[in-house]
Amino acid sequence: MSKEKKLRSENDISVWYALKNGSFMVTLSAVICGWGCLIRKQFVKGALYLAAEVGIILYMINSGAFHLSKLVTLGDVKPEKVWNEAKSIFEYTDGDRSLPILLYGIITVAVLLAVVLLMCLSVKSAYKAEVACKKGGKAKTIVEDVRDLFDKRLHVTLLSLPILGVLMFTILPLLFMMSMAFTNYSVLDMKLVQFDWVGLDNFRRLFNMDTGLGQTFWSVLRWTIVWALLATFSNYFLGMLLSLFINWKEIKAKKFWRFCFVLTIAVPHFVTLLIIRQMLQPNGAVNVLLQNLGWISSPLPFFTDKWWARITVVIVNIWVGVPYVLLQITGILQNIPQDLYESARVDGAGPFVTFRKITLPYMLFVTTPYLITSFTGNINNFNVIFLTSGGLPRAVESTAGETDLLITWLYKLTIDNQFYDVGAVIGIMTFLTLSVVSLLTFRYSGSYKNEEGFR
Amino acid sequence: MSGRIVKKPLRKRILIFLAHALLALLAIIWLVPIFWVLLTSFRGTKGSYSSTFFPTSYSFDNYIKLFTDFSVFNFPQMLLNTLIVAVATCVLSTFFVVSVAYTLSRLRFRARKKLMNFAMIIHLFPGFMSMIANYYIFKMLGWTDGPMLRLAMIAVYSGGAGVGYHIAKGFFDTIPISLDEAAMLDGSTRWQVLRHIIMPLSKPIIVYTLLTSFAGPFKDFMLAKVLCGPNKDYYTVAVGMYQMLEREYLDQWFCSFAAAAVIISIPIAALFLATQKYYSVSVSGSVKG
């Protein structure tokens with residue numbers, strides 16, 4: 001802990017601290033980015049800051065300001081019929097299209113946030129350069145800066161690209177979709193080209209238990225949670241059991257057995273799932289086989305009875321998921337420090353005691369994050385549901401079937417029915433459900449509180 | 001230990017036999033659907049349904065059809081498309097995942113806990129939610145037709161990969177920190193520690209990440225389908241194969257679907273076999289005492 005503190009004081013100073021203790025030149029760096037670096041002869045660094053600032057300002061003047069102004073109304077220019085004299089026909093002028101306006105607007109807001117970030121970085125750099133010069137030395141040269149990026153500030157180097165990727169391809173699209181929840185972008189009332197902000201109306205519609213939409217929402221939500229619990233824990237414990245079973249010292253040909261199970265991973269999921277669906281059809285392989293054997297007289301209702309369908313998808317998920325757990329847990333089991341077992345054996349502990357006192361706590365410690373991601377993964381488990389049961393069986397009057405999860409229902413609402421607004425609300429509700437459950441578990445899990453417990 | 005040979009009692013031997021029998025039964029349950037795909041790919045009769053579990057006649061026609069009949073589906077092209085996307089994706093995602101996992105596990109900096117919580121929150125959103133939005137973004141950039149489509153797919157598959165660092169971090173957390181400390185006392189930079197000490201010990205997790213991310217583009221069809229739209233030239237295997245099960249093609253192409261499934265499963269299975277040894281590498285012996 002003390003080491004952590006020391007590292008911090010060398011590397012990280014807050015912006016407020018820099019502004020308070022720095023000279024006027026430091027403050028000026030917030031306005032003219034890179035100024036503080038340039039006057040301390042850090043030309044490359046300073047020029048980079050300045051170039052970034054100038055680039056952003058040019059963007060804002062060129063198009064950013066326009067996009068921001070449009071974002072308020074999401075476009076109000078209606079397409080118009082104009083008489084074209086030359087061709088003597090009516091022509092339609094392009095009206096505003098709300099979707100691009102929304103997207104560009106969000107990008108512009110993000111750019112504005114980037115300006116703030118740039119200013120903070122510039123101020124900090126200026127302050128560091130100033131402190132270095134006051135101590136009588138020189139500010140760091142670009143070579144030293146780069147060397148730092150591979151040692152003291154390695155985290156910056158390693159994280160910048162992954163974070164950029166996440167910002168561009170996950171966060172930006174998510175914000176875009178989330179903002180749709182507050183509009184009326186939907187096939188209803190022909191709102192597909194131009195739509196408006198409607199505030200919380202969509203949420204009210206979803207929570208209204210008197211409508212079909214509200215009732216469907218609650219029943220789908222209930223099943224989603226039940227499914228996620230069943231799917232996660234069945235996979236985890238069966239996978240761990242299987243892994244320990246194969247690891248048992250009396251079992252011969254361990255690699256062969258592991259291979260048998262892991263082979264199912266080699267075949268892409270959507271293939272096996274579609275195949276399983278074919279096999280479970282009323283005239284598919286399973287029913288044919290059972291009927292030929294004379295065990296059943298009529299086909300089993302795999303996807304036509306509510307509970308049959310639900311149990312089927314859980315079992316299919318066990319089939320799909322256990323090899324994954326096996327693959328992963330085997331690696332972790334092999335990472336358990338062997339001296340723990342050795343000392344336990346010396347103390348005369350039997351296999352059950354070592355499992356309870358060493359293996360299980362260690363596994364839970366290392367795999368709690370895995371359990372949580374697996375839980376969230378199961379709430380969002382699109383493939384298993386969509387490809388095996390397709391949400392069936394479904395009542396005629398409902399948009400969701402009995403095995404539909406929030407995520408597959410979201411798909412049906414947006415792709416099949418083009419109710420983007422309600423779809424976005426359901427996306428947000430899925431997220432809220434997940435965050436409440438997992439943040440609580442994560443907070444109280446051992447591996448969050450004490451990451452280094454097993455070192 | 002191994003020098004001591006003790007004859008096991010009969011009860012124990014029966015128990016061991018039963019254990020193997022149980023394992024065999026489980027393995028059969030897991031392998032039946034795959035075996036069925038294999039059988040179907042060699043089935044001589046057409047159609048999606050068969051009245052018997054074992055085919056009545058066998059032939060190679062389903063495979064030949066995939067590589068000669070380009071009237072509806074150009075399978076070799078799809079294979080190539082997927083391979084290009086998969087290779088680029090697995091290299092990029094593994095780089096992202098290992099970078100993030102290593103950083104969060106070993107390096108200490110101010111925003112660390114905040115970043116972890118943030119990644120956690122991102123992970124909670126349905127991945128499907130950002131899909132449609134991504135499509136619009138690429139349409140704006142003009143990446144939804146032509147060769148840029150591949151870039152778009154690579155970007156979507158690997159772009160957000162850094163968020164899924166948990167498994168790799170769990171692995172890094174179990175490597176003793178004393179290794180890093182010893183190396184840094186000897187004057188190594190943190191980069192050198194990563195490069196020469198952590199990397200060699202982390203082969204299992206790197207292989208795991210490579211494998212899972214390589215399989216990504218083979219498995220996913222939703223996203224590829226949305227991005228490709230009608231651009232048949234850039235279909236990945238998954239999109240093409242999904243189409244084979246559309247009602248109008250199902251009867252003619254079902255057995256070829258099985259054949260395609262066998263073909264794409266072979267490279268992935270081979271890859272797994274070649275890398276399986278990394279799973280049995282143990283790092284527990286690297287620091288004594």
# chains A, B, ... in the order shown; residues from 1 in each chain; ligands from 1
$ interface_residues --of "chain B" --to "chain A" --cutoff "6 Å" --atoms "only C-alpha atoms" --output "list of chain:residue names"
B:Phe53, B:Phe96, B:Ser99, B:Val100, B:Thr103, B:Leu124, B:Phe125, B:Pro126, B:Ser130, B:Ala133, B:Asn134, B:Gly159, B:Gly160, B:Gly162, B:Gly170, B:Pro176, B:Thr189, B:Arg190, B:Trp191, B:Lys219, B:Ser265, B:Ile268, B:Ala269, B:Tyr279, B:Ser282, B:Ser284
$ write_last_selection --atoms "C-alpha atoms" --output "JSON list (two decimals), in the first residue's frame"
[["chain", "number", "residue", "atom", "x", "y", "z"],
["B", 53, "PHE", "CA", -30.83, -41.87, -37.25],
["B", 96, "PHE", "CA", -6.50, -5.58, -26.32],
["B", 99, "SER", "CA", -3.04, -5.32, -22.40],
["B", 100, "VAL", "CA", -6.03, -4.42, -20.30],
["B", 103, "THR", "CA", -2.49, -3.41, -16.70],
["B", 124, "LEU", "CA", -23.85, -5.15, -18.57],
["B", 125, "PHE", "CA", -25.37, -3.69, -21.69],
["B", 126, "PRO", "CA", -26.75, -6.16, -24.19],
["B", 130, "SER", "CA", -24.97, -1.28, -29.99],
["B", 133, "ALA", "CA", -26.05, 1.87, -34.01],
["B", 134, "ASN", "CA", -22.76, 0.49, -35.29],
["B", 159, "GLY", "CA", -13.16, -2.88, -30.98],
["B", 160, "GLY", "CA", -14.83, -3.51, -27.66],
["B", 162, "GLY", "CA", -10.86, -4.79, -24.03],
["B", 170, "GLY", "CA", -8.01, -13.62, -12.99],
["B", 176, "PRO", "CA", 3.16, -14.40, -7.86],
["B", 189, "THR", "CA", 11.50, -1.69, -16.71],
["B", 190, "ARG", "CA", 7.86, -2.63, -16.39],
["B", 191, "TRP", "CA", 7.74, -3.28, -20.11],
["B", 219, "LYS", "CA", -19.89, -18.15, -34.54],
["B", 265, "SER", "CA", -15.05, -27.17, -37.47],
["B", 268, "ILE", "CA", -10.77, -24.85, -35.21],
["B", 269, "ALA", "CA", -10.50, -28.34, -33.75],
["B", 279, "TYR", "CA", -3.55, -25.77, -20.83],
["B", 282, "SER", "CA", 1.51, -24.97, -14.66],
["B", 284, "SER", "CA", 2.98, -22.91, -9.74]]
$ select_by_dssp --residues "stretch 25-222 of chain B" --states "alpha helix (DSSP H)" --output "PyMOL selection string"
chain B and resi 25-41+61-68+75-106+112-123+129-141+148-159+166-174+178-185+190-192+199-201+203-219+222
$ closest_residue --among "B:Phe60, B:Tyr102, B:Phe109, B:Trp253" --to "B:Val193" --atoms "only C-alpha atoms"
B:Tyr102
$ residues_around --residues "A:Thr141" --least-positions-apart "4" --cutoff "10 Å" --atoms "only C-alpha atoms" --output "number ranges by chain"
A: 40-45, 129, 145-147
